[in-house]
Amino acid sequence: MKTTTNSNKGIVITNKTSKFTLLARPEIAPKGKNPGVITEVVNLSGTEDGEEFNRMDIVVQLDAKNSKGQAFKLTKSYNLAENGRGITLFIKDYNSLMNAALTKTDLYDFNPESLQGVQVVVDVDYAEGGKEVSSVIKGFMAPGSETETA
């Protein structure tokens, strides 16, 4: 392209194109149904800004890979604090993943480590946090049931 200058306003145009991207896509896991495997289930508790927290994190390694060939890893957290909704959300996700009917009372004998190594399909969406966009897990499904809603 030819460089043009508008001497009245001091503008120098060095590039003009009609094909461009408004926002560069960050390298994050793709949106939609993504197969993967649960690699870790951990309980985290402590304090943050003077407030106690208790949560369970489920880490999923997706089959999808970034430009360096590394698998994307996403974490879904469940707030297990006394007033948290995490137990209810976990039961919903677990029942969807395992095609089960787990209830709150079943959790007394439930071993979260039993989820490690389980093949899963996660429903991935995008979330904005300030200027950043990230991939988040909306729900879990059993492989083969991807057409169902999580």
# chains A, B, ... in the order shown; residues from 1 in each chain; ligands from 1
>>> closest_atom_pairs(of="segment 50-84 of chain A", to="segment 119-140 of chain A", cutoff="8 Å", atoms="only C-alpha atoms", output="CSV")
residue,atom,partner,partner_atom,distance
A:Leu74,CA,A:Val136,CA,6.9
A:Thr75,CA,A:Ile137,CA,7.2
A:Lys76,CA,A:Ile137,CA,6.0
>>> select_by_dssp(residues="segment 34-133 of chain A", states="alpha helix (DSSP H)", output="list in words")
Gly86, Ile87, Thr88, Leu89, Phe90, Ile91, Lys92, Asp93, Tyr94, Asn95, Ser96, Leu97 and Met98 of chain A
>>> residues_around(residues="Leu62 of chain A", least_positions_apart="4", cutoff="7 Å", atoms="only C-alpha atoms", output="number ranges by chain")
A: 34-37, 71-73
>>> closest_residue(among="A:Ser114, A:Ala142, A:Lys31, A:Ile91", to="Tyr78 of chain A", atoms="only C-alpha atoms")
A:Ile91
>>> closest_residue(among="A:Asn15, A:Glu113, A:Glu82, A:Ser77", to="Ile38 of chain A", atoms="only C-alpha atoms")
A:Glu113
>>> closest_residue(among="A:Ser18, A:Thr47, A:Gln116, A:Gln61", to="Ala81 of chain A", atoms="only C-alpha atoms")
A:Thr47
>>> atom_distance(atom1="atom CA of Ile87 of chain A", atom2="atom CA of Ala29 of chain A")
26.0 Å
>>> select_by_dssp(residues="chain A", states="strand (DSSP E)", output="NGL selection string")
:A and (4-6 or 11-13 or 32-48 or 51-65 or 71-79 or 119-129 or 132-141)
>>> residues_around(residues="segment 105-108 of chain A", least_positions_apart="2", cutoff="12 Å", atoms="only C-alpha atoms", output="list in words")
Ile87, Thr88, Phe90, Ile91, Tyr94, Asn95, Ala100, Ala101, Leu102, Thr103, Phe110, Asn111 and Pro112 of chain A
>>> residues_around(residues="segment 50-55 of chain A", least_positions_apart="4", cutoff="6 Å", atoms="only C-alpha atoms", output="list in words")
Asn43, Leu44, Ser45, Gly46, Tyr78, Asn79, Leu80 and Ala81 of chain A
>>> residues_around(residues="Ser67 of chain A", least_positions_apart="2", cutoff="12 Å", atoms="only C-alpha atoms", output="list in words")
Pro26, Glu27, Ile28, Ala29, Ala64, Lys65, Gly69, Gln70, Ala71 and Phe72 of chain A
>>> closest_residue(among="A:Pro143, A:Val118, A:Ile13, A:Asp93", to="Val60 of chain A", atoms="only C-alpha atoms")
A:Val118
>>> decode(residues="segment 32-75 of chain A", atoms="N, CA and C atoms", output="compact mmCIF listing (two decimals), in the first residue's frame")
# COMPACT_ATOMS: atom_id res chain seq x y z
N GLY A 32 -17.65 -24.96 23.51
CA GLY A 32 -18.48 -26.08 23.07
C GLY A 32 -18.18 -27.35 23.84
N LYS A 33 -18.60 -28.47 23.28
CA LYS A 33 -18.43 -29.78 23.92
C LYS A 33 -17.03 -30.30 23.62
N ASN A 34 -16.26 -30.56 24.67
CA ASN A 34 -14.87 -30.99 24.53
C ASN A 34 -14.61 -32.26 25.34
N PRO A 35 -14.12 -33.33 24.70
CA PRO A 35 -13.77 -34.53 25.46
C PRO A 35 -12.48 -34.32 26.25
N GLY A 36 -12.37 -35.07 27.34
CA GLY A 36 -11.17 -35.00 28.16
C GLY A 36 -11.21 -36.06 29.24
N VAL A 37 -10.34 -35.89 30.23
CA VAL A 37 -10.26 -36.82 31.34
C VAL A 37 -10.05 -36.03 32.63
N ILE A 38 -10.68 -36.47 33.71
CA ILE A 38 -10.48 -35.85 35.01
C ILE A 38 -9.12 -36.32 35.54
N THR A 39 -8.24 -35.36 35.80
CA THR A 39 -6.88 -35.72 36.23
C THR A 39 -6.66 -35.50 37.71
N GLU A 40 -7.49 -34.68 38.34
CA GLU A 40 -7.24 -34.36 39.75
C GLU A 40 -8.54 -33.88 40.39
N VAL A 41 -8.74 -34.30 41.63
CA VAL A 41 -9.84 -33.81 42.46
C VAL A 41 -9.22 -33.44 43.80
N VAL A 42 -9.30 -32.16 44.16
CA VAL A 42 -8.66 -31.71 45.40
C VAL A 42 -9.62 -30.85 46.22
N ASN A 43 -9.39 -30.87 47.52
CA ASN A 43 -10.11 -30.00 48.44
C ASN A 43 -9.15 -28.92 48.90
N LEU A 44 -9.57 -27.69 48.79
CA LEU A 44 -8.77 -26.55 49.22
C LEU A 44 -9.54 -25.81 50.30
N SER A 45 -8.85 -25.50 51.39
CA SER A 45 -9.48 -24.72 52.44
C SER A 45 -8.44 -23.78 53.03
N GLY A 46 -8.91 -22.68 53.57
CA GLY A 46 -8.01 -21.69 54.14
C GLY A 46 -8.72 -20.37 54.29
N THR A 47 -7.98 -19.30 54.19
CA THR A 47 -8.56 -17.96 54.27
C THR A 47 -8.12 -17.14 53.07
N GLU A 48 -9.00 -16.27 52.64
CA GLU A 48 -8.71 -15.33 51.57
C GLU A 48 -9.29 -13.99 51.98
N ASP A 49 -8.43 -13.01 52.07
CA ASP A 49 -8.84 -11.68 52.55
C ASP A 49 -9.54 -11.76 53.89
N GLY A 50 -9.05 -12.66 54.77
CA GLY A 50 -9.59 -12.80 56.11
C GLY A 50 -10.85 -13.64 56.20
N GLU A 51 -11.37 -14.10 55.08
CA GLU A 51 -12.57 -14.94 55.06
C GLU A 51 -12.18 -16.40 54.82
N GLU A 52 -12.81 -17.30 55.58
CA GLU A 52 -12.54 -18.72 55.40
C GLU A 52 -13.20 -19.22 54.12
N PHE A 53 -12.53 -20.17 53.46
CA PHE A 53 -13.13 -20.81 52.29
C PHE A 53 -12.88 -22.31 52.35
N ASN A 54 -13.74 -23.04 51.68
CA ASN A 54 -13.62 -24.48 51.55
C ASN A 54 -14.20 -24.83 50.19
N ARG A 55 -13.36 -25.37 49.30
CA ARG A 55 -13.87 -25.68 47.97
C ARG A 55 -13.23 -26.96 47.46
N MET A 56 -13.93 -27.56 46.50
CA MET A 56 -13.42 -28.73 45.81
C MET A 56 -13.16 -28.30 44.37
N ASP A 57 -11.98 -28.65 43.86
CA ASP A 57 -11.62 -28.37 42.48
C ASP A 57 -11.51 -29.67 41.71
N ILE A 58 -12.14 -29.71 40.53
CA ILE A 58 -12.01 -30.85 39.63
C ILE A 58 -11.25 -30.35 38.40
N VAL A 59 -10.08 -30.97 38.15
CA VAL A 59 -9.23 -30.56 37.03
C VAL A 59 -9.45 -31.54 35.88
N VAL A 60 -9.72 -30.98 34.70
CA VAL A 60 -9.95 -31.78 33.49
C VAL A 60 -8.90 -31.42 32.45
N GLN A 61 -8.25 -32.43 31.91
CA GLN A 61 -7.33 -32.24 30.80
C GLN A 61 -8.11 -32.55 29.52
N LEU A 62 -8.24 -31.55 28.66
CA LEU A 62 -8.99 -31.72 27.43
C LEU A 62 -8.15 -32.40 26.35
N ASP A 63 -8.83 -33.02 25.40
CA ASP A 63 -8.13 -33.57 24.23
C ASP A 63 -7.62 -32.43 23.35
N ALA A 64 -8.31 -31.28 23.37
CA ALA A 64 -7.91 -30.11 22.57
C ALA A 64 -6.55 -29.61 23.04
N LYS A 65 -5.75 -29.17 22.08
CA LYS A 65 -4.39 -28.72 22.39
C LYS A 65 -4.16 -27.29 21.92
N ASN A 66 -3.21 -26.62 22.56
CA ASN A 66 -2.86 -25.25 22.16
C ASN A 66 -1.86 -25.31 20.99
N SER A 67 -1.39 -24.15 20.57
CA SER A 67 -0.49 -24.08 19.42
C SER A 67 0.86 -24.76 19.67
N LYS A 68 1.21 -25.02 20.93
CA LYS A 68 2.46 -25.70 21.26
C LYS A 68 2.25 -27.21 21.43
N GLY A 69 1.03 -27.67 21.18
CA GLY A 69 0.73 -29.10 21.29
C GLY A 69 0.43 -29.56 22.70
N GLN A 70 0.25 -28.63 23.64
CA GLN A 70 -0.05 -28.99 25.03
C GLN A 70 -1.56 -29.00 25.24
N ALA A 71 -2.03 -30.00 25.96
CA ALA A 71 -3.46 -30.11 26.24
C ALA A 71 -3.92 -28.97 27.15
N PHE A 72 -5.11 -28.46 26.87
CA PHE A 72 -5.70 -27.45 27.75
C PHE A 72 -6.14 -28.14 29.04
N LYS A 73 -5.96 -27.45 30.17
CA LYS A 73 -6.45 -27.94 31.46
C LYS A 73 -7.41 -26.89 32.01
N LEU A 74 -8.59 -27.34 32.39
CA LEU A 74 -9.59 -26.45 32.99
C LEU A 74 -9.98 -26.99 34.35
N THR A 75 -10.35 -26.09 35.24
CA THR A 75 -10.75 -26.47 36.59
C THR A 75 -12.15 -25.96 36.88
